[in-house]
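Enquirer: Pasting entry.pdb below, which is PDB, C-alpha atoms and all ligand atoms.
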```
ATOM      1  CA  MET T   1      17.592  21.567   8.227
ATOM      2  CA  THR T   2      15.331  20.603   5.294
ATOM      3  CA  THR T   3      15.771  17.129   3.840
ATOM      4  CA  SER T   4      17.444  16.940   0.422
ATOM      5  CA  TRP T   5      15.841  14.707  -2.227
ATOM      6  CA  ASP T   6      17.653  12.836  -4.980
ATOM      7  CA  PRO T   7      15.071  11.799  -7.601
ATOM      8  CA  SER T   8      17.341   9.153  -9.169
ATOM      9  CA  GLN T   9      17.996   7.455  -5.833
ATOM     10  CA  TYR T  10      14.301   7.652  -4.904
ATOM     11  CA  LEU T  11      13.211   6.195  -8.264
ATOM     12  CA  ARG T  12      15.628   3.262  -8.011
ATOM     13  CA  TYR T  13      12.687   1.327  -6.570
ATOM     14  CA  ALA T  14      10.016   3.305  -8.416
ATOM     15  CA  GLY T  15       7.730   0.298  -9.016
ATOM     16  CA  GLU T  16       7.577  -0.656  -5.339
ATOM     17  CA  ARG T  17       7.083   2.957  -4.265
ATOM     18  CA  LEU T  18       4.318   3.541  -6.810
ATOM     19  CA  ARG T  19       2.234   0.496  -5.969
ATOM     20  CA  PRO T  20       0.578   1.942  -2.838
ATOM     21  CA  ALA T  21      -0.234   5.095  -4.834
ATOM     22  CA  LEU T  22      -2.073   2.931  -7.372
ATOM     23  CA  ASP T  23      -3.856   0.992  -4.634
ATOM     24  CA  LEU T  24      -4.966   4.244  -3.005
ATOM     25  CA  MET T  25      -6.030   5.818  -6.301
ATOM     26  CA  ALA T  26      -8.206   2.802  -7.047
ATOM     27  CA  ARG T  27     -10.203   3.464  -3.862
ATOM     28  CA  VAL T  28     -11.046   7.131  -4.593
ATOM     29  CA  PRO T  29     -14.613   7.124  -5.944
ATOM     30  CA  ALA T  30     -14.588  10.670  -7.439
ATOM     31  CA  GLU T  31     -15.847  10.340 -11.024
ATOM     32  CA  SER T  32     -15.137  13.672 -12.658
ATOM     33  CA  PRO T  33     -13.306  15.993 -10.283
ATOM     34  CA  ALA T  34     -12.502  19.455 -11.681
ATOM     35  CA  ARG T  35      -9.368  19.917  -9.570
ATOM     36  CA  VAL T  36      -7.006  17.344  -8.073
ATOM     37  CA  VAL T  37      -4.028  18.290  -5.896
ATOM     38  CA  GLU T  38      -1.167  15.953  -5.082
ATOM     39  CA  LEU T  39       0.721  16.927  -1.931
ATOM     40  CA  GLY T  40       4.386  15.886  -1.883
ATOM     41  CA  CYS T  41       4.204  14.851  -5.542
ATOM     42  CA  GLY T  42       7.956  14.180  -5.681
ATOM     43  CA  ALA T  43       9.221  13.145  -9.111
ATOM     44  CA  GLY T  44       5.694  13.208 -10.556
ATOM     45  CA  ASN T  45       5.192   9.550 -11.433
ATOM     46  CA  GLY T  46       2.049   9.410  -9.272
ATOM     47  CA  THR T  47       0.941  12.776 -10.692
ATOM     48  CA  ALA T  48       1.080  11.332 -14.226
ATOM     49  CA  LEU T  49      -1.191   8.509 -13.086
ATOM     50  CA  LEU T  50      -3.644  10.968 -11.521
ATOM     51  CA  HIS T  51      -3.702  12.753 -14.895
ATOM     52  CA  ALA T  52      -4.370   9.460 -16.687
ATOM     53  CA  ARG T  53      -7.158   8.604 -14.239
ATOM     54  CA  TRP T  54      -8.879  12.020 -14.538
ATOM     55  CA  PRO T  55      -7.735  13.473 -17.888
ATOM     56  CA  LYS T  56     -10.272  16.349 -17.783
ATOM     57  CA  ALA T  57      -9.263  17.514 -14.313
ATOM     58  CA  GLU T  58      -6.748  20.224 -13.557
ATOM     59  CA  ILE T  59      -3.960  18.357 -11.748
ATOM     60  CA  ILE T  60      -1.644  20.349  -9.486
ATOM     61  CA  GLY T  61       1.451  18.841  -7.855
ATOM     62  CA  ILE T  62       2.853  20.493  -4.716
ATOM     63  CA  ASP T  63       6.344  19.734  -3.429
ATOM     64  CA  GLY T  64       9.080  21.478  -1.482
ATOM     65  CA  SER T  65      11.986  20.066  -3.495
ATOM     66  CA  ALA T  66      13.104  21.893  -6.653
ATOM     67  CA  GLU T  67      15.022  18.741  -7.752
ATOM     68  CA  MET T  68      11.915  16.565  -7.480
ATOM     69  CA  LEU T  69       9.740  19.145  -9.272
ATOM     70  CA  GLU T  70      12.211  19.380 -12.140
ATOM     71  CA  ARG T  71      11.697  15.640 -12.736
ATOM     72  CA  ALA T  72       7.950  15.929 -12.170
ATOM     73  CA  ARG T  73       7.532  18.508 -14.953
ATOM     74  CA  ILE T  74       9.067  15.985 -17.359
ATOM     75  CA  ALA T  75       7.141  12.964 -16.007
ATOM     76  CA  ALA T  76       3.728  14.655 -16.049
ATOM     77  CA  PRO T  77       3.728  17.365 -18.739
ATOM     78  CA  GLY T  78      -0.049  17.886 -18.640
ATOM     79  CA  CYS T  79       0.029  18.932 -14.973
ATOM     80  CA  ARG T  80       0.865  22.124 -13.080
ATOM     81  CA  PHE T  81       3.507  22.102 -10.360
ATOM     82  CA  VAL T  82       4.062  24.487  -7.481
ATOM     83  CA  GLN T  83       6.998  24.593  -5.080
ATOM     84  CA  ALA T  84       5.580  25.093  -1.601
ATOM     85  CA  ASP T  85       5.709  23.842   1.965
ATOM     86  CA  ILE T  86       2.630  21.674   2.516
ATOM     87  CA  ALA T  87       2.373  22.931   6.114
ATOM     88  CA  ALA T  88       1.655  26.447   4.848
ATOM     89  CA  TRP T  89       0.069  25.655   1.462
ATOM     90  CA  ALA T  90      -3.551  26.610   0.743
ATOM     91  CA  PRO T  91      -5.289  26.339  -2.642
ATOM     92  CA  ASP T  92      -6.742  29.323  -4.550
ATOM     93  CA  THR T  93      -9.830  27.250  -5.319
ATOM     94  CA  PRO T  94     -10.933  24.294  -3.151
ATOM     95  CA  PRO T  95      -9.898  21.015  -4.827
ATOM     96  CA  ASP T  96     -12.225  18.022  -5.250
ATOM     97  CA  VAL T  97      -9.444  15.577  -4.424
ATOM     98  CA  ILE T  98      -6.350  15.980  -2.259
ATOM     99  CA  PHE T  99      -4.091  12.983  -2.815
ATOM    100  CA  SER T 100      -0.832  12.244  -1.049
ATOM    101  CA  ASN T 101       1.394   9.186  -1.294
ATOM    102  CA  ALA T 102       4.335   8.695   1.069
ATOM    103  CA  ALA T 103       4.755  12.382   1.896
ATOM    104  CA  LEU T 104       2.692  13.594   4.860
ATOM    105  CA  HIS T 105       4.694  11.567   7.403
ATOM    106  CA  TRP T 106       7.462  14.116   6.763
ATOM    107  CA  LEU T 107       5.273  16.811   8.329
ATOM    108  CA  SER T 108       4.813  17.240  12.071
ATOM    109  CA  ASP T 109       1.667  17.993  14.071
ATOM    110  CA  HIS T 110      -0.828  15.756  12.290
ATOM    111  CA  ARG T 111      -3.477  16.757  14.837
ATOM    112  CA  THR T 112      -3.499  20.188  13.198
ATOM    113  CA  LEU T 113      -2.544  19.134   9.662
ATOM    114  CA  PHE T 114      -5.258  16.566   8.914
ATOM    115  CA  PRO T 115      -8.288  18.632  10.015
ATOM    116  CA  ARG T 116      -6.778  21.555   8.082
ATOM    117  CA  LEU T 117      -6.367  19.501   4.896
ATOM    118  CA  ILE T 118      -9.909  18.124   4.896
ATOM    119  CA  GLY T 119     -11.132  21.680   5.523
ATOM    120  CA  LEU T 120      -9.414  22.851   2.314
ATOM    121  CA  LEU T 121     -11.534  20.545   0.121
ATOM    122  CA  ALA T 122     -14.638  21.483  -1.847
ATOM    123  CA  PRO T 123     -17.785  20.093  -0.171
ATOM    124  CA  GLY T 124     -17.960  16.361  -0.817
ATOM    125  CA  GLY T 125     -14.291  16.293  -1.844
ATOM    126  CA  TRP T 126     -11.930  13.423  -1.067
ATOM    127  CA  LEU T 127      -8.788  13.344   1.051
ATOM    128  CA  ALA T 128      -6.730  10.277   0.095
ATOM    129  CA  VAL T 129      -3.477   9.630   1.954
ATOM    130  CA  GLN T 130      -0.914   6.847   2.279
ATOM    131  CA  MET T 131       1.938   7.025   4.790
ATOM    132  CA  PRO T 132       4.597   4.502   5.848
ATOM    133  CA  ALA T 133       4.115   3.137   9.371
ATOM    134  CA  MET T 134       7.591   1.701   9.818
ATOM    135  CA  HIS T 135       8.875   3.189  13.054
ATOM    136  CA  ALA T 136       9.117  -0.107  14.879
ATOM    137  CA  ALA T 137      10.832  -1.842  11.942
ATOM    138  CA  PRO T 138      14.585  -2.624  11.972
ATOM    139  CA  LEU T 139      14.995  -0.430   8.858
ATOM    140  CA  ARG T 140      14.104   2.648  10.940
ATOM    141  CA  ARG T 141      15.280   1.600  14.397
ATOM    142  CA  ALA T 142      18.801   0.939  13.148
ATOM    143  CA  GLN T 143      19.084   4.485  11.790
ATOM    144  CA  SER T 144      18.947   6.192  15.181
ATOM    145  CA  GLU T 145      20.953   3.421  16.867
ATOM    146  CA  ILE T 146      23.818   3.678  14.368
ATOM    147  CA  ALA T 147      23.621   7.496  14.354
ATOM    148  CA  ALA T 148      24.244   7.590  18.115
ATOM    149  CA  ASN T 149      27.241   5.227  18.053
ATOM    150  CA  GLY T 150      30.267   5.991  15.951
ATOM    151  CA  PRO T 151      32.651   8.750  14.905
ATOM    152  CA  TRP T 152      29.662  10.508  13.309
ATOM    153  CA  ALA T 153      27.656  10.756  16.569
ATOM    154  CA  THR T 154      28.416  14.432  17.275
ATOM    155  CA  HIS T 155      27.338  15.410  13.730
ATOM    156  CA  LEU T 156      24.122  13.422  14.100
ATOM    157  CA  ALA T 157      23.126  14.525  17.601
ATOM    158  CA  GLY T 158      19.552  15.784  17.335
ATOM    159  CA  ILE T 159      19.090  14.457  13.776
ATOM    160  CA  SER T 160      16.139  12.169  13.158
ATOM    161  CA  SER T 161      14.070  10.985  10.230
ATOM    162  CA  ALA T 162      10.312  11.514   9.829
ATOM    163  CA  ALA T 163       8.547  11.193  13.196
ATOM    164  CA  ASP T 164       6.167   8.360  14.015
ATOM    165  CA  ILE T 165       2.710   8.833  12.530
ATOM    166  CA  LEU T 166      -0.359   8.661  14.788
ATOM    167  CA  ALA T 167      -2.285   5.478  15.548
ATOM    168  CA  PRO T 168      -5.140   4.768  13.076
ATOM    169  CA  GLU T 169      -7.660   5.433  15.865
ATOM    170  CA  GLU T 170      -6.337   8.964  16.265
ATOM    171  CA  TYR T 171      -6.818   9.757  12.575
ATOM    172  CA  TRP T 172     -10.335   8.345  12.937
ATOM    173  CA  ASP T 173     -11.098  10.650  15.886
ATOM    174  CA  LEU T 174      -9.643  13.664  14.072
ATOM    175  CA  LEU T 175     -11.454  13.112  10.774
ATOM    176  CA  HIS T 176     -14.723  11.403  11.671
ATOM    177  CA  PRO T 177     -16.477  14.629  12.800
ATOM    178  CA  LEU T 178     -15.317  16.387   9.595
ATOM    179  CA  SER T 179     -16.239  13.690   7.081
ATOM    180  CA  THR T 180     -19.320  11.972   5.720
ATOM    181  CA  ALA T 181     -17.342   8.848   4.837
ATOM    182  CA  LEU T 182     -14.105   7.588   6.329
ATOM    183  CA  ASP T 183     -12.059   4.492   5.586
ATOM    184  CA  LEU T 184      -8.734   3.550   7.195
ATOM    185  CA  TRP T 185      -6.695   0.477   6.415
ATOM    186  CA  GLU T 186      -3.179  -0.872   6.667
ATOM    187  CA  THR T 187      -1.281  -3.035   4.227
ATOM    188  CA  ILE T 188       2.082  -4.712   4.715
ATOM    189  CA  TYR T 189       3.749  -4.947   1.314
ATOM    190  CA  VAL T 190       6.549  -7.453   1.001
ATOM    191  CA  HIS T 191       8.717  -5.484  -1.394
ATOM    192  CA  ALA T 192      11.041  -7.759  -3.366
ATOM    193  CA  LEU T 193      14.138  -5.627  -3.858
ATOM    194  CA  THR T 194      16.976  -6.403  -6.206
ATOM    195  CA  GLY T 195      20.592  -5.266  -6.117
ATOM    196  CA  GLU T 196      23.475  -5.073  -3.685
ATOM    197  CA  ASP T 197      22.639  -3.774  -0.186
ATOM    198  CA  ALA T 198      19.083  -3.188  -1.336
ATOM    199  CA  VAL T 199      17.711  -2.007   2.015
ATOM    200  CA  VAL T 200      20.468   0.603   2.338
ATOM    201  CA  GLN T 201      19.733   1.760  -1.213
ATOM    202  CA  TRP T 202      16.007   1.886  -0.443
ATOM    203  CA  ALA T 203      16.543   3.904   2.749
ATOM    204  CA  LEU T 204      18.984   6.224   0.970
ATOM    205  CA  GLY T 205      16.081   7.252  -1.258
ATOM    206  CA  SER T 206      13.953   8.350   1.711
ATOM    207  CA  SER T 207      14.245   7.833   5.481
ATOM    208  CA  LEU T 208      18.058   7.859   5.682
ATOM    209  CA  ARG T 209      18.388  11.208   3.928
ATOM    210  CA  PRO T 210      18.307  13.476   7.021
ATOM    211  CA  PHE T 211      21.265  11.558   8.495
ATOM    212  CA  VAL T 212      23.308  11.541   5.295
ATOM    213  CA  ASP T 213      22.564  15.241   4.713
ATOM    214  CA  ALA T 214      23.986  16.079   8.144
ATOM    215  CA  LEU T 215      27.269  14.200   7.639
ATOM    216  CA  PRO T 216      30.492  15.501   6.106
ATOM    217  CA  GLU T 217      31.285  13.626   2.905
ATOM    218  CA  ALA T 218      34.209  11.769   4.529
ATOM    219  CA  LEU T 219      32.017  10.147   7.206
ATOM    220  CA  ARG T 220      29.241   8.959   4.899
ATOM    221  CA  PRO T 221      30.777   5.661   3.653
ATOM    222  CA  GLY T 222      31.511   4.485   7.224
ATOM    223  CA  PHE T 223      28.036   5.401   8.407
ATOM    224  CA  LEU T 224      26.377   3.613   5.465
ATOM    225  CA  SER T 225      28.546   0.562   5.942
ATOM    226  CA  ALA T 226      27.641   0.382   9.681
ATOM    227  CA  TYR T 227      23.962   0.834   8.801
ATOM    228  CA  GLY T 228      24.211  -1.930   6.181
ATOM    229  CA  ALA T 229      25.787  -4.297   8.722
ATOM    230  CA  ALA T 230      22.992  -3.518  11.220
ATOM    231  CA  VAL T 231      20.079  -4.140   8.834
ATOM    232  CA  ARG T 232      21.475  -7.063   6.832
ATOM    233  CA  PRO T 233      20.624  -9.763   9.423
ATOM    234  CA  HIS T 234      17.002  -8.534   9.483
ATOM    235  CA  TYR T 235      16.665  -8.462   5.698
ATOM    236  CA  PRO T 236      18.972 -11.182   4.358
ATOM    237  CA  ARG T 237      19.596 -11.437   0.635
ATOM    238  CA  ARG T 238      18.037 -14.685  -0.530
ATOM    239  CA  PRO T 239      19.816 -17.333  -2.620
ATOM    240  CA  ASP T 240      17.930 -16.031  -5.701
ATOM    241  CA  GLY T 241      19.415 -12.544  -5.109
ATOM    242  CA  THR T 242      16.191 -10.922  -3.817
ATOM    243  CA  THR T 243      15.960  -8.980  -0.556
ATOM    244  CA  LEU T 244      12.474  -9.004   0.965
ATOM    245  CA  LEU T 245      11.456  -5.814   2.771
ATOM    246  CA  PRO T 246       8.149  -6.047   4.682
ATOM    247  CA  PHE T 247       6.771  -2.501   4.614
ATOM    248  CA  ARG T 248       3.704  -1.413   6.585
ATOM    249  CA  ARG T 249       1.612   1.460   5.234
ATOM    250  CA  LEU T 250      -1.439   3.280   6.586
ATOM    251  CA  PHE T 251      -4.141   4.385   4.126
ATOM    252  CA  LEU T 252      -6.805   6.937   4.832
ATOM    253  CA  LEU T 253      -9.737   8.016   2.657
ATOM    254  CA  ALA T 254     -12.142  10.688   3.888
ATOM    255  CA  ARG T 255     -15.004  12.593   2.237
ATOM    256  CA  SER T 256     -15.342  16.184   3.408
ATOM    257  CA  GLY T 257     -18.575  17.293   5.049
ATOM    258  CA  SER T 258     -20.163  17.323   8.434
ATOM    259  CA  ARG T 259     -22.168  14.347   9.646
ATOM    260  CA  GLY T 260     -24.554  16.755  11.404
ATOM    261  CA  GLN T 261     -25.222  18.590   8.132
ATOM    262  CA  GLU T 262     -25.669  15.355   6.210
ATOM    263  CA  ALA T 263     -28.298  14.129   8.687
ATOM    264  CA  ALA T 264     -30.087  17.506   8.637
ATOM    265  CA  SER T 265     -30.260  17.642   4.830
ATOM    266  CA  SER T 266     -31.102  14.003   4.196
ATOM    267  CA  PRO T 267     -34.756  13.369   3.256
ATOM    268  CA  GLY T 268     -36.719  11.434   5.839
TER
HETATM  269  C1  LIG L   1       8.999   9.966  -0.357
HETATM  270  S1  LIG L   1       8.733  11.267  -1.480
HETATM  271  C2  LIG L   1       7.164  10.785  -2.222
HETATM  272  C3  LIG L   1       6.998  11.314  -3.603
HETATM  273  C4  LIG L   1       5.740  10.862  -4.348
HETATM  274  N1  LIG L   1       4.512  11.227  -3.650
HETATM  275  C5  LIG L   1       5.750   9.383  -4.629
HETATM  276  O1  LIG L   1       4.846   8.688  -4.182
HETATM  277  O2  LIG L   1       6.664   8.918  -5.288
HETATM  278  C6  LIG L   1       8.248  12.550  -0.369
HETATM  279  C7  LIG L   1       8.098  13.900  -1.037
HETATM  280  O3  LIG L   1       7.471  14.795  -0.107
HETATM  281  C8  LIG L   1       8.073  16.070  -0.231
HETATM  282  N2  LIG L   1       7.887  16.789   1.027
HETATM  283  C9  LIG L   1       8.200  16.356   2.272
HETATM  284  N3  LIG L   1       7.864  17.297   3.183
HETATM  285  C10 LIG L   1       7.333  18.334   2.498
HETATM  286  C11 LIG L   1       6.778  19.600   2.870
HETATM  287  N4  LIG L   1       6.705  19.990   4.140
HETATM  288  N5  LIG L   1       6.310  20.408   1.900
HETATM  289  C12 LIG L   1       6.376  20.031   0.596
HETATM  290  N6  LIG L   1       6.877  18.854   0.177
HETATM  291  C13 LIG L   1       7.349  18.008   1.117
HETATM  292  C14 LIG L   1       9.529  15.782  -0.534
HETATM  293  O4  LIG L   1      10.152  16.878  -1.165
HETATM  294  C15 LIG L   1       9.419  14.552  -1.432
HETATM  295  O5  LIG L   1       9.393  14.876  -2.792
END
```
Since I need it in another form, could you write the structure as structure tokens?
Ligand SMILES: C[S@@+](CC[C@H](N)C(=O)[O-])C[C@H]1O[C@@H](n2cnc3c(N)ncnc32)[C@H](O)[C@@H]1O

Expert:
Amino acid sequence: MTTSWDPSQYLRYAGERLRPALDLMARVPAESPARVVELGCGAGNGTALLHARWPKAEIIGIDGSAEMLERARIAAPGCRFVQADIAAWAPDTPPDVIFSNAALHWLSDHRTLFPRLIGLLAPGGWLAVQMPAMHAAPLRRAQSEIAANGPWATHLAGISSAADILAPEEYWDLLHPLSTALDLWETIYVHALTGEDAVVQWALGSSLRPFVDALPEALRPGFLSAYGAAVRPHYPRRPDGTTLLPFRRLFLLARSGSRGQEAASSPG
């Protein structure tokens, strides 16, 4: 089953979700790329920023969700959008930058995906990726625990959210032979969320969607209420009304090219 995406729910915490995209963008040293592709562009708010950063570049957003792309075309009118599955997508012309914020963790088999993506770049092009690394966090753990226990369990048997991403060292080993520069880092953002049941609302915009999609309408309120009760002690609402959500993210920036070639062509 493919995950459904609700742009309005996702954008409820648009500022928090966009911040890692901005932090990643700031690290990409490309000065005047001709072609920039955003994989999993979603509602296009990051795509609009890519357009602002490189106004002369052709910016192409790729996403599997028609609902997200409809919003993206409004958010980033100067960009081109294509509905496609990232796992099968290949560009007509090699891009100078492939950028992806909070999307590639939804794809499986990163040991095949990441070498493939860097191989799609123009020589010297940049692969810039951010992915949540939250599998050990209560936000994610509670989803499978609650799914397995309750009147919804039969509907949710075999349903899971995005799989765990690889360890940073594994991305290093995959990409180091295929890159002339490679930088990996992790940041834990402490997102300050507002509103009632903020963590449930946050998760409803992303990781909880596969579970909710699989449930009949009548079982959804009970499931969400049980999930809320499970996560609330881990993320209590503070006296000032804020709910703090520590959120770990892995960043990866790689420049395409072979280290062997670079050594062979470098003078002296
Ligand atoms: C969490 S949203 C991130 C959106 C955007 N990058 C942002 O930072 O706001 C993940 C997006 O990835 C897209 N996506 C997930 N798996 C995909 C796949 N296999 N092919 C294409 N798009 C995919 C979803 O449709 C969704 O719009």

Enquirer: In terms of the shortest atom-to-atom distance over all atoms listed in the file, which of T:Thr47, T:Asn149, T:Ser32, T:Thr2 is closest to Ala72 of chain T?

Expert: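 Closest to Ala72 of chain T of all the choices is T:Thr47.
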
Enquirer: Measure the distance from atom CA of Gly150 of chain T to atom CA of Ser207 of chain T in Å and round it to one decimal.

Expert: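 If I compute the distance from atom CA of Gly150 of chain T to atom CA of Ser207 of chain T, I get 19.2 Å.
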
Enquirer: Would you mind listing what lies within 8 Å of segment 77-94 of chain T as a ChimeraX atom specification, with only C-alpha atoms counted and same-chain residues fewer than 6 positions away left out?

Expert: /T:35,39-40,47-48,51,58-66,69,107,113,120-122

Enquirer: On this structure, which residues satisfy the PyMOL selection byres (((chain T and resi 75) around 8) and not hetatm), written as number ranges by chain?

Expert: T: 43-45, 48, 71-74, 76-77

Enquirer: Return the single residue from T:Ser179, T:Gly205, T:Ala137, T:Pro115 that is closest to Ala14 of chain T, with distances computed using all atoms listed in the file.

Expert: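 The shortest atom-to-atom distance to Ala14 of chain T comes from T:Gly205.
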
Enquirer: Which residue is closest to Gly228 of chain T? Choose from T:Pro20, T:Pro138, T:Gly42, T:Pro132 and count all atoms listed in the file.

Expert: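 Checking each candidate against Gly228 of chain T, we get T:Pro138 as the closest.
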
Enquirer: Atoms are missing here; could segment 13-37 of chain T be completed with N, CA and C atoms and written as a short mmCIF file (atom, residue, chain, number, x, y, z; two decimals), keeping the file's coordinate frame?

Expert:
```
data_model
loop_
_atom_site.label_atom_id
_atom_site.label_comp_id
_atom_site.auth_asym_id
_atom_site.auth_seq_id
_atom_site.Cartn_x
_atom_site.Cartn_y
_atom_site.Cartn_z
N TYR T 13 13.72 2.33 -6.82
CA TYR T 13 12.69 1.33 -6.57
C TYR T 13 11.30 1.94 -6.88
N ALA T 14 11.22 2.55 -8.06
CA ALA T 14 10.02 3.30 -8.42
C ALA T 14 8.77 2.42 -8.41
N GLY T 15 8.90 1.18 -8.92
CA GLY T 15 7.73 0.30 -9.02
C GLY T 15 7.16 0.00 -7.64
N GLU T 16 8.03 -0.34 -6.70
CA GLU T 16 7.58 -0.66 -5.34
C GLU T 16 6.97 0.58 -4.68
N ARG T 17 7.56 1.75 -4.93
CA ARG T 17 7.08 2.96 -4.26
C ARG T 17 5.76 3.44 -4.86
N LEU T 18 5.53 3.08 -6.14
CA LEU T 18 4.32 3.54 -6.81
C LEU T 18 3.11 2.66 -6.50
N ARG T 19 3.35 1.43 -6.13
CA ARG T 19 2.23 0.50 -5.97
C ARG T 19 1.20 0.98 -4.94
N PRO T 20 1.61 1.44 -3.77
CA PRO T 20 0.58 1.94 -2.84
C PRO T 20 -0.18 3.14 -3.40
N ALA T 21 0.47 3.95 -4.22
CA ALA T 21 -0.23 5.10 -4.83
C ALA T 21 -1.35 4.58 -5.73
N LEU T 22 -1.06 3.51 -6.49
CA LEU T 22 -2.07 2.93 -7.37
C LEU T 22 -3.20 2.31 -6.56
N ASP T 23 -2.83 1.63 -5.47
CA ASP T 23 -3.86 0.99 -4.63
C ASP T 23 -4.77 2.05 -4.01
N LEU T 24 -4.17 3.17 -3.60
CA LEU T 24 -4.97 4.24 -3.00
C LEU T 24 -5.87 4.90 -4.06
N MET T 25 -5.29 5.17 -5.21
CA MET T 25 -6.03 5.82 -6.30
C MET T 25 -7.27 5.00 -6.67
N ALA T 26 -7.10 3.69 -6.67
CA ALA T 26 -8.21 2.80 -7.05
C ALA T 26 -9.38 2.90 -6.08
N ARG T 27 -9.14 3.39 -4.87
CA ARG T 27 -10.20 3.46 -3.86
C ARG T 27 -10.93 4.81 -3.87
N VAL T 28 -10.41 5.80 -4.62
CA VAL T 28 -11.05 7.13 -4.59
C VAL T 28 -12.22 7.13 -5.56
N PRO T 29 -13.47 7.30 -5.06
CA PRO T 29 -14.61 7.12 -5.94
C PRO T 29 -14.98 8.35 -6.80
N ALA T 30 -14.24 9.46 -6.67
CA ALA T 30 -14.59 10.67 -7.44
C ALA T 30 -14.62 10.33 -8.93
N GLU T 31 -15.72 10.72 -9.60
CA GLU T 31 -15.85 10.34 -11.02
C GLU T 31 -15.27 11.38 -11.96
N SER T 32 -15.66 12.65 -11.74
CA SER T 32 -15.14 13.67 -12.66
C SER T 32 -14.77 14.93 -11.87
N PRO T 33 -13.73 14.82 -11.05
CA PRO T 33 -13.31 15.99 -10.28
C PRO T 33 -12.77 17.08 -11.22
N ALA T 34 -13.03 18.35 -10.85
CA ALA T 34 -12.50 19.45 -11.68
C ALA T 34 -11.05 19.72 -11.31
N ARG T 35 -10.71 19.54 -10.04
CA ARG T 35 -9.37 19.92 -9.57
C ARG T 35 -8.84 18.87 -8.60
N VAL T 36 -7.65 18.37 -8.91
CA VAL T 36 -7.01 17.34 -8.07
C VAL T 36 -5.63 17.86 -7.68
N VAL T 37 -5.34 17.83 -6.38
CA VAL T 37 -4.03 18.29 -5.90
C VAL T 37 -3.27 17.10 -5.33
#
```
